[in-house]
Structure formats: C-alpha cells, structure tokens
file entry.cif (mmCIF, C-alpha atoms)
data_upload
#
loop_
_atom_site.label_atom_id
_atom_site.label_comp_id
_atom_site.auth_asym_id
_atom_site.auth_seq_id
_atom_site.Cartn_x
_atom_site.Cartn_y
_atom_site.Cartn_z
CA ALA A 25 -68.55 -56.22 -36.89
CA GLN A 26 -67.78 -56.52 -40.55
CA SER A 27 -65.38 -58.86 -42.28
CA VAL A 28 -64.30 -59.98 -45.70
CA ALA A 29 -62.96 -63.36 -46.78
CA GLN A 30 -60.96 -64.04 -49.89
CA PRO A 31 -60.57 -67.81 -49.75
CA GLU A 32 -57.83 -68.06 -52.34
CA ASP A 33 -54.36 -66.69 -51.72
CA GLN A 34 -53.45 -67.22 -55.36
CA VAL A 35 -55.23 -67.64 -58.65
CA ASN A 36 -53.37 -68.75 -61.74
CA VAL A 37 -54.90 -68.64 -65.21
CA ALA A 38 -53.74 -68.69 -68.79
CA GLU A 39 -54.07 -65.58 -70.87
CA GLY A 40 -57.39 -65.52 -72.68
CA ASN A 41 -59.12 -67.71 -70.12
CA PRO A 42 -61.81 -66.50 -67.73
CA LEU A 43 -60.64 -65.10 -64.41
CA THR A 44 -62.59 -65.30 -61.15
CA VAL A 45 -61.49 -63.96 -57.78
CA LYS A 46 -63.76 -64.93 -54.92
CA CYS A 47 -65.00 -62.76 -52.07
CA THR A 48 -67.53 -63.32 -49.32
CA TYR A 49 -68.49 -60.82 -46.67
CA SER A 50 -70.19 -60.40 -43.35
CA VAL A 51 -71.72 -57.07 -42.37
CA SER A 52 -74.66 -55.74 -40.42
CA GLY A 53 -77.29 -54.29 -42.67
CA ASN A 54 -76.83 -53.60 -46.35
CA PRO A 55 -73.27 -53.69 -47.62
CA TYR A 56 -71.26 -51.42 -49.83
CA LEU A 57 -68.77 -53.64 -51.65
CA PHE A 58 -65.59 -52.74 -53.49
CA TRP A 59 -62.79 -54.29 -55.49
CA TYR A 60 -59.34 -52.77 -55.69
CA VAL A 61 -56.17 -53.82 -57.50
CA GLN A 62 -52.63 -53.20 -56.33
CA TYR A 63 -49.49 -53.43 -58.40
CA PRO A 64 -46.10 -53.89 -56.68
CA ASN A 65 -45.10 -50.95 -54.49
CA ARG A 66 -48.15 -49.00 -55.54
CA GLY A 67 -51.31 -47.84 -53.84
CA LEU A 68 -54.75 -49.24 -54.48
CA GLN A 69 -56.57 -48.63 -57.71
CA PHE A 70 -60.36 -48.73 -57.68
CA LEU A 71 -61.95 -51.31 -59.99
CA LEU A 72 -65.63 -51.29 -59.18
CA LYS A 73 -68.24 -51.01 -56.47
CA TYR A 74 -71.71 -52.17 -55.53
CA ILE A 75 -73.86 -49.70 -53.67
CA THR A 76 -77.39 -50.45 -54.79
CA GLY A 77 -79.31 -51.39 -57.91
CA ASP A 78 -78.29 -54.04 -60.41
CA ASN A 79 -76.49 -56.98 -58.90
CA LEU A 80 -74.07 -57.15 -61.83
CA VAL A 81 -71.59 -54.32 -61.67
CA LYS A 82 -69.22 -53.45 -64.49
CA GLY A 83 -65.96 -51.72 -63.74
CA SER A 84 -62.59 -50.73 -65.10
CA TYR A 85 -60.39 -52.78 -67.46
CA GLY A 86 -63.18 -55.20 -68.40
CA PHE A 87 -63.81 -56.44 -64.88
CA GLU A 88 -67.23 -57.11 -63.45
CA ALA A 89 -68.62 -58.47 -60.21
CA GLU A 90 -71.92 -59.91 -59.13
CA PHE A 91 -73.50 -59.14 -55.79
CA ASN A 92 -75.25 -62.21 -54.41
CA LYS A 93 -77.09 -61.37 -51.24
CA SER A 94 -78.21 -64.90 -50.41
CA GLN A 95 -74.64 -66.20 -50.65
CA THR A 96 -73.12 -62.98 -49.25
CA SER A 97 -70.65 -63.02 -52.11
CA PHE A 98 -69.15 -60.46 -54.48
CA HIS A 99 -66.90 -62.40 -56.85
CA LEU A 100 -64.76 -60.50 -59.33
CA LYS A 101 -64.73 -61.77 -62.91
CA LYS A 102 -63.13 -61.07 -66.23
CA PRO A 103 -64.11 -63.06 -69.31
CA SER A 104 -60.66 -63.05 -70.90
CA ALA A 105 -57.62 -62.42 -68.71
CA LEU A 106 -54.53 -60.53 -69.83
CA VAL A 107 -50.95 -60.91 -68.61
CA SER A 108 -51.19 -57.30 -67.45
CA ASP A 109 -53.99 -58.32 -65.06
CA SER A 110 -51.38 -60.03 -62.88
CA ALA A 111 -51.55 -58.18 -59.58
CA LEU A 112 -52.88 -58.30 -56.03
CA TYR A 113 -56.65 -57.93 -55.71
CA PHE A 114 -58.52 -56.79 -52.63
CA CYS A 115 -62.19 -57.03 -51.81
CA ALA A 116 -63.52 -54.52 -49.28
CA VAL A 117 -66.80 -53.92 -47.48
CA ARG A 118 -68.42 -51.29 -45.34
CA PRO A 119 -71.96 -51.08 -44.01
CA SER A 120 -74.38 -48.67 -45.63
CA SER A 121 -74.77 -46.88 -42.32
CA ASN A 122 -72.65 -43.90 -41.36
CA ASP A 123 -69.75 -46.16 -40.47
CA TYR A 124 -67.24 -45.18 -43.12
CA LYS A 125 -64.53 -47.68 -42.28
CA LEU A 126 -63.54 -50.10 -44.99
CA SER A 127 -62.63 -53.65 -44.08
CA PHE A 128 -60.33 -55.39 -46.53
CA GLY A 129 -59.90 -59.03 -47.36
CA ALA A 130 -56.48 -60.63 -47.16
CA GLY A 131 -55.95 -60.22 -50.88
CA THR A 132 -55.62 -62.63 -53.79
CA THR A 133 -52.56 -62.70 -56.00
CA VAL A 134 -53.53 -63.22 -59.62
CA THR A 135 -50.98 -64.54 -62.07
CA VAL A 136 -51.87 -64.68 -65.73
CA ARG A 137 -49.40 -66.69 -67.79
CA ALA A 138 -48.82 -66.03 -71.45
CA GLY B 21 -60.90 -36.63 -61.10
CA ALA B 22 -59.84 -37.33 -57.57
CA VAL B 23 -56.13 -37.61 -57.00
CA VAL B 24 -54.38 -38.32 -53.73
CA SER B 25 -50.63 -37.97 -53.43
CA GLN B 26 -48.17 -39.10 -50.79
CA HIS B 27 -44.73 -37.81 -50.05
CA PRO B 28 -42.21 -39.26 -49.88
CA SER B 29 -42.79 -42.38 -51.92
CA TRP B 30 -40.04 -44.12 -50.03
CA VAL B 31 -37.81 -43.27 -47.09
CA ILE B 32 -34.95 -44.95 -45.27
CA CYS B 33 -34.10 -43.77 -41.79
CA LYS B 34 -32.02 -44.75 -38.80
CA SER B 35 -33.56 -46.33 -35.75
CA GLY B 36 -34.66 -43.71 -33.23
CA THR B 37 -35.38 -40.96 -35.71
CA SER B 38 -38.79 -39.60 -36.65
CA VAL B 39 -40.28 -39.67 -40.11
CA LYS B 40 -43.12 -37.56 -41.48
CA ILE B 41 -45.33 -38.76 -44.31
CA GLU B 42 -47.66 -36.37 -46.11
CA CYS B 43 -50.98 -37.21 -47.72
CA ARG B 44 -52.61 -34.63 -49.97
CA SER B 45 -55.87 -34.54 -51.85
CA LEU B 46 -54.90 -32.63 -54.96
CA ASP B 47 -58.21 -31.71 -56.54
CA PHE B 48 -60.77 -31.99 -53.78
CA GLN B 49 -61.22 -31.15 -50.14
CA ALA B 50 -61.25 -34.04 -47.74
CA THR B 51 -62.62 -33.62 -44.26
CA THR B 52 -61.71 -37.22 -43.53
CA MET B 53 -58.54 -39.09 -44.38
CA PHE B 54 -57.46 -42.56 -43.39
CA TRP B 55 -54.06 -44.09 -42.70
CA TYR B 56 -53.39 -47.75 -43.41
CA ARG B 57 -50.43 -49.99 -42.87
CA GLN B 58 -49.60 -52.92 -45.09
CA PHE B 59 -47.04 -55.63 -44.44
CA PRO B 60 -45.61 -57.58 -47.37
CA LYS B 61 -48.21 -59.70 -49.12
CA GLN B 62 -50.79 -58.85 -46.48
CA SER B 63 -53.93 -56.80 -46.40
CA LEU B 64 -54.36 -53.18 -45.44
CA MET B 65 -54.90 -52.53 -41.76
CA LEU B 66 -56.60 -49.31 -40.78
CA MET B 67 -54.45 -47.42 -38.31
CA ALA B 68 -56.43 -44.27 -37.76
CA THR B 69 -59.04 -41.91 -39.09
CA SER B 70 -57.93 -38.33 -39.50
CA ASN B 71 -60.53 -35.56 -39.26
CA GLU B 72 -59.74 -32.00 -40.24
CA GLY B 73 -59.54 -29.74 -37.24
CA SER B 74 -59.91 -32.45 -34.63
CA LYS B 75 -57.98 -35.29 -33.07
CA ALA B 76 -57.48 -38.48 -35.00
CA THR B 77 -59.32 -41.63 -34.04
CA TYR B 78 -56.98 -44.55 -33.63
CA GLU B 79 -57.81 -48.21 -34.09
CA GLN B 80 -57.33 -50.59 -31.23
CA GLY B 81 -53.71 -51.52 -30.74
CA VAL B 82 -52.27 -48.51 -32.57
CA GLU B 83 -50.10 -46.31 -30.36
CA LYS B 84 -51.23 -42.73 -30.80
CA ASP B 85 -48.04 -41.35 -29.26
CA LYS B 86 -45.94 -43.26 -31.75
CA PHE B 87 -48.00 -42.54 -34.84
CA LEU B 88 -48.84 -38.86 -34.68
CA ILE B 89 -51.50 -37.69 -37.08
CA ASN B 90 -52.23 -34.10 -37.94
CA HIS B 91 -54.97 -32.96 -40.31
CA ALA B 92 -54.32 -29.26 -40.43
CA SER B 93 -56.17 -28.44 -43.62
CA LEU B 94 -58.83 -29.90 -45.88
CA THR B 95 -56.19 -31.14 -48.30
CA LEU B 96 -53.37 -32.33 -46.07
CA SER B 97 -52.91 -34.98 -43.42
CA THR B 98 -49.56 -36.01 -42.01
CA LEU B 99 -48.43 -39.16 -40.27
CA THR B 100 -45.30 -38.91 -38.15
CA VAL B 101 -43.66 -42.10 -37.02
CA THR B 102 -41.80 -41.09 -33.87
CA SER B 103 -38.67 -42.84 -32.66
CA ALA B 104 -38.90 -45.31 -35.48
CA HIS B 105 -37.66 -48.86 -35.04
CA PRO B 106 -37.09 -51.65 -37.57
CA GLU B 107 -40.47 -53.19 -36.74
CA ASP B 108 -42.10 -49.99 -38.00
CA SER B 109 -40.81 -50.74 -41.48
CA SER B 110 -43.85 -51.12 -43.66
CA PHE B 111 -45.86 -49.72 -46.54
CA TYR B 112 -48.07 -46.86 -45.38
CA ILE B 113 -51.07 -45.91 -47.50
CA CYS B 114 -53.45 -43.03 -47.01
CA SER B 115 -56.88 -42.46 -48.44
CA ALA B 116 -59.08 -39.40 -48.62
CA GLU B 117 -62.84 -39.32 -48.53
CA LYS B 118 -64.38 -37.13 -51.20
CA PRO B 119 -67.68 -35.56 -50.21
CA GLY B 120 -70.41 -35.83 -52.77
CA LEU B 121 -74.08 -36.12 -53.48
CA ALA B 122 -74.03 -39.91 -53.53
CA VAL B 123 -75.29 -41.97 -50.64
CA TYR B 124 -71.73 -42.50 -49.58
CA ASN B 125 -68.44 -40.67 -49.87
CA GLU B 126 -65.89 -42.54 -51.93
CA GLN B 127 -62.36 -43.08 -50.70
CA PHE B 128 -59.44 -42.40 -53.00
CA PHE B 129 -56.08 -43.95 -52.20
CA GLY B 130 -52.61 -42.53 -52.34
CA PRO B 131 -49.72 -44.38 -53.98
CA GLY B 132 -48.20 -45.39 -50.65
CA THR B 133 -44.95 -44.71 -48.82
CA ARG B 134 -42.37 -47.41 -48.23
CA LEU B 135 -40.64 -46.88 -44.87
CA THR B 136 -37.49 -48.80 -44.06
CA VAL B 137 -35.94 -48.33 -40.63
CA LEU B 138 -32.37 -49.51 -40.28
#
call {"tool": "encode", "arguments": {"input": "entry.cif", "output": "structure tokens"}}
result
Amino acid sequence: AQSVAQPEDQVNVAEGNPLTVKCTYSVSGNPYLFWYVQYPNRGLQFLLKYITGDNLVKGSYGFEAEFNKSQTSFHLKKPSALVSDSALYFCAVRPSSNDYKLSFGAGTTVTVRA
Amino acid sequence: GAVVSQHPSWVICKSGTSVKIECRSLDFQATTMFWYRQFPKQSLMLMATSNEGSKATYEQGVEKDKFLINHASLTLSTLTVTSAHPEDSSFYICSAEKPGLAVYNEQFFGPGTRLTVL
C-alpha cells in the first residue's frame, strides 16, 4: 500500500519569506512523487514531479522540491513567497511499477500575508 | 499541451434526479481516465478508473450502480450520479492519462465540477 502524509494543515508565512510545505511518503519500491496546487473551486495544477535523476527538482512558479530517500520526504520549497501563492497544496505518490494510481496527501493550506 | 475539460463546471439538481458529468481530453487521446471526489478542505479520493472500451474499475466502497462511468471514446469519459441525494454533493474532478515515451504516463486534471443536490 502507498500513502502520503502532509503533517501541517496550514502554513502561514509573510510575503518575501521562504515557504516550505512538508510531505513524507510510504510506497513499495521506487516512488514517483508529485506536487499539485489547487485554487478555490478549481482543479489541480501540476507544479513539479520527481521520477528519477537529480534529487532537487525545479518546477513551475519558482517552486522546487527535494527528494530525500533516507527520510522518505519530498518537501516543497520556494525561496521567496508571494501573496498569490496562497492556495491548497497536495503531495501525491505512486509506485514506479505499473500501478498508475495516485495517492494524495490531505493537503496543506498556504497563506501568504502581505 | 495537454488540456482536460469538464462539463458542467457546476450543477444544482433536485434529490432523486440523475446528473451526468463529462470529462474530455482536448488535445490528446486518453485510454485511461480517473474520477476523484473531493469534500471541502479535504483531499482527493479516487472513485474509479475508466478504461476506454471496457468496464470501469471502482475503488472499494464506491457504489458502481450509483456512479455510472462510461468511457466511450479515447477523448471522453462520463460520470453519471444516479438518483442523487444531498450526501452526493461534492466536487468531482477527473484526470486523463496521456500516453508518452516517458517511463510513466502523466495525469492531467480537469477543472472540476461542483455538484449540489438539494
């Protein structure tokens, strides 16, 4: 079975400060890891993914994430947050086998204050 | 690009009626589509996997007779909520898997459909 944990329901930061959204996972075999963002009443927008290769992955809108196999983590980071980054963020995982089902974390609401 | 649309974006219906939601991949063919359900401020829960030309695979606890899925073409999957009740009110999101040369096929998500059953 695969699972994803996002330990923080909410993250609040001031604009211009670094933003980190935490994610840990459990999966059999090698993981494929994803981050998505959701704005109110909208579908999910893809931010970035880790499939293989470099542990540091750069994605859309200045976000990046680092795959840490020993800690089974895939934390999302942005060096300088914007008010427009305020949204709901989901981490997702699937095994690298033929199982194509994505498992999502519970989500973390990010609020960036001006 | 890879665009997935859903129609309608929102729908209000009376209890006991049926509602059909469409999911289309606009610029690619998707042999596999997925239907998710999301309650307010909660995560996405996979309801079923829709395969073109075959029966959908439902997740445990999802009533297949209540949530009818049809994947009649490579660009269209439909979810019909039959005899809807207020507890079926939710945000329904579909995704479509785009075949490619990569080691995995990426999923692209639709914008979602807000269903409210009165």
call {"tool": "residues_around", "arguments": {"input": "entry.cif", "residues": "Ser97 in chain B", "least_positions_apart": "2", "cutoff": "10 Å", "atoms": "only C-alpha atoms", "output": "list in words"}}
result
Gln26, Ile41, Glu42, Cys43, Arg44, Ser45, Ala50, Thr51, Thr52, Met53, Phe54, Trp55, Ser70, Asn71, Glu72, Ile89, Asn90, His91, Ala92, Ser93, Leu94, Thr95, Leu99, Cys114, Ser115 and Ala116 of chain B
call {"tool": "interface_residues", "arguments": {"input": "entry.cif", "of": "chain B", "to": "chain A", "cutoff": "8 Å", "atoms": "all atoms listed in the file", "output": "list in words"}}
result
Lys61, Gln62, Ser63, Leu64, Met65, Ile113, Tyr124, Phe128, Phe129, Gly130, Pro131, Gly132 and Arg134 of chain B
call {"tool": "write_last_selection", "arguments": {"input": "entry.cif", "atoms": "C-alpha atoms", "output": "PDB file, in the frame of the given file"}}
result
ATOM      1  CA  LYS B  61     -48.210 -59.700 -49.120  1.00  0.00           C
ATOM      2  CA  GLN B  62     -50.790 -58.850 -46.480  1.00  0.00           C
ATOM      3  CA  SER B  63     -53.930 -56.800 -46.400  1.00  0.00           C
ATOM      4  CA  LEU B  64     -54.360 -53.180 -45.440  1.00  0.00           C
ATOM      5  CA  MET B  65     -54.900 -52.530 -41.760  1.00  0.00           C
ATOM      6  CA  ILE B 113     -51.070 -45.910 -47.500  1.00  0.00           C
ATOM      7  CA  TYR B 124     -71.730 -42.500 -49.580  1.00  0.00           C
ATOM      8  CA  PHE B 128     -59.440 -42.400 -53.000  1.00  0.00           C
ATOM      9  CA  PHE B 129     -56.080 -43.950 -52.200  1.00  0.00           C
ATOM     10  CA  GLY B 130     -52.610 -42.530 -52.340  1.00  0.00           C
ATOM     11  CA  PRO B 131     -49.720 -44.380 -53.980  1.00  0.00           C
ATOM     12  CA  GLY B 132     -48.200 -45.390 -50.650  1.00  0.00           C
ATOM     13  CA  ARG B 134     -42.370 -47.410 -48.230  1.00  0.00           C
TER      14      ARG B 134
END
call {"tool": "atom_distance", "arguments": {"input": "entry.cif", "atom1": "CA of Thr44 in chain A", "atom2": "CA of Asn125 in chain B"}}
result
27.7 Å
call {"tool": "closest_residue", "arguments": {"input": "entry.cif", "among": "A:Leu71, A:Val51, A:Leu57, A:Leu100", "to": "Ala116 in chain A", "atoms": "only C-alpha atoms"}}
result
A:Leu57
call {"tool": "residues_around", "arguments": {"input": "entry.cif", "residues": "Glu39 in chain A", "least_positions_apart": "5", "cutoff": "12 Å", "atoms": "only C-alpha atoms", "output": "list in words"}}
result
Lys102, Pro103, Ser104, Ala105, Leu106, Val107, Ser108, Asp109, Ser110, Val134, Thr135, Val136, Arg137 and Ala138 of chain A
call {"tool": "closest_residue", "arguments": {"input": "entry.cif", "among": "B:Val82, B:Lys40, B:Cys33, B:Leu46", "to": "Lys118 in chain B", "atoms": "only C-alpha atoms"}}
result
B:Leu46
call {"tool": "residues_around", "arguments": {"input": "entry.cif", "residues": "Lys86 in chain B", "least_positions_apart": "5", "cutoff": "8 Å", "atoms": "all atoms listed in the file", "output": "list in words"}}
result
Thr100, Val101, Thr102 and Ser103 of chain B
call {"tool": "atom_distance", "arguments": {"input": "entry.cif", "atom1": "CA of Leu138 in chain B", "atom2": "CA of Tyr112 in chain B"}}
result
16.7 Å
call {"tool": "atom_distance", "arguments": {"input": "entry.cif", "atom1": "CA of Ala25 in chain A", "atom2": "CA of Phe58 in chain A"}}
result
17.2 Å
call {"tool": "resolve_selection", "arguments": {"input": "entry.cif", "expression": "the PyMOL selection byres ((chain A and resi 87) around 9)", "output": "PDB file with C-alpha atoms, in the coordinates of the input"}}
result
ATOM      1  CA  LEU A  71     -61.950 -51.310 -59.990  1.00  0.00           C
ATOM      2  CA  LEU A  72     -65.630 -51.290 -59.180  1.00  0.00           C
ATOM      3  CA  VAL A  81     -71.590 -54.320 -61.670  1.00  0.00           C
ATOM      4  CA  LYS A  82     -69.220 -53.450 -64.490  1.00  0.00           C
ATOM      5  CA  GLY A  83     -65.960 -51.720 -63.740  1.00  0.00           C
ATOM      6  CA  SER A  84     -62.590 -50.730 -65.100  1.00  0.00           C
ATOM      7  CA  TYR A  85     -60.390 -52.780 -67.460  1.00  0.00           C
ATOM      8  CA  GLY A  86     -63.180 -55.200 -68.400  1.00  0.00           C
ATOM      9  CA  GLU A  88     -67.230 -57.110 -63.450  1.00  0.00           C
ATOM     10  CA  ALA A  89     -68.620 -58.470 -60.210  1.00  0.00           C
ATOM     11  CA  LEU A 100     -64.760 -60.500 -59.330  1.00  0.00           C
ATOM     12  CA  LYS A 101     -64.730 -61.770 -62.910  1.00  0.00           C
ATOM     13  CA  LYS A 102     -63.130 -61.070 -66.230  1.00  0.00           C
ATOM     14  CA  PRO A 103     -64.110 -63.060 -69.310  1.00  0.00           C
TER      15      PRO A 103
END
call {"tool": "resolve_selection", "arguments": {"input": "entry.cif", "expression": "the PyMOL selection byres ((chain A and resi 28) around 6)", "output": "list of chain:residue names"}}
result
A:Ser27, A:Ala29, A:Thr48, A:Tyr49, A:Gly129
call {"tool": "closest_residue", "arguments": {"input": "entry.cif", "among": "B:Ala76, B:Gln127, B:Ser110, B:Ala22", "to": "Phe48 in chain B", "atoms": "all atoms listed in the file"}}
result
B:Ala22
call {"tool": "closest_residue", "arguments": {"input": "entry.cif", "among": "B:Glu126, B:Glu79, B:Glu117, B:Asp108", "to": "Gly36 in chain B", "atoms": "all atoms listed in the file"}}
result
B:Asp108
call {"tool": "axis_aligned_box", "arguments": {"input": "entry.cif", "around": "range 122-138 of chain B", "padding_each_side": "6 Å", "output": "JSON"}}
result
{"center_x": -53.8, "center_y": -44.7, "center_z": -47.1, "size_x": 54.9, "size_y": 21.6, "size_z": 25.7}
call {"tool": "closest_residue", "arguments": {"input": "entry.cif", "among": "B:Gly73, B:Gly81, B:Pro119, B:Pro106", "to": "Ser35 in chain B", "atoms": "only C-alpha atoms"}}
result
B:Pro106
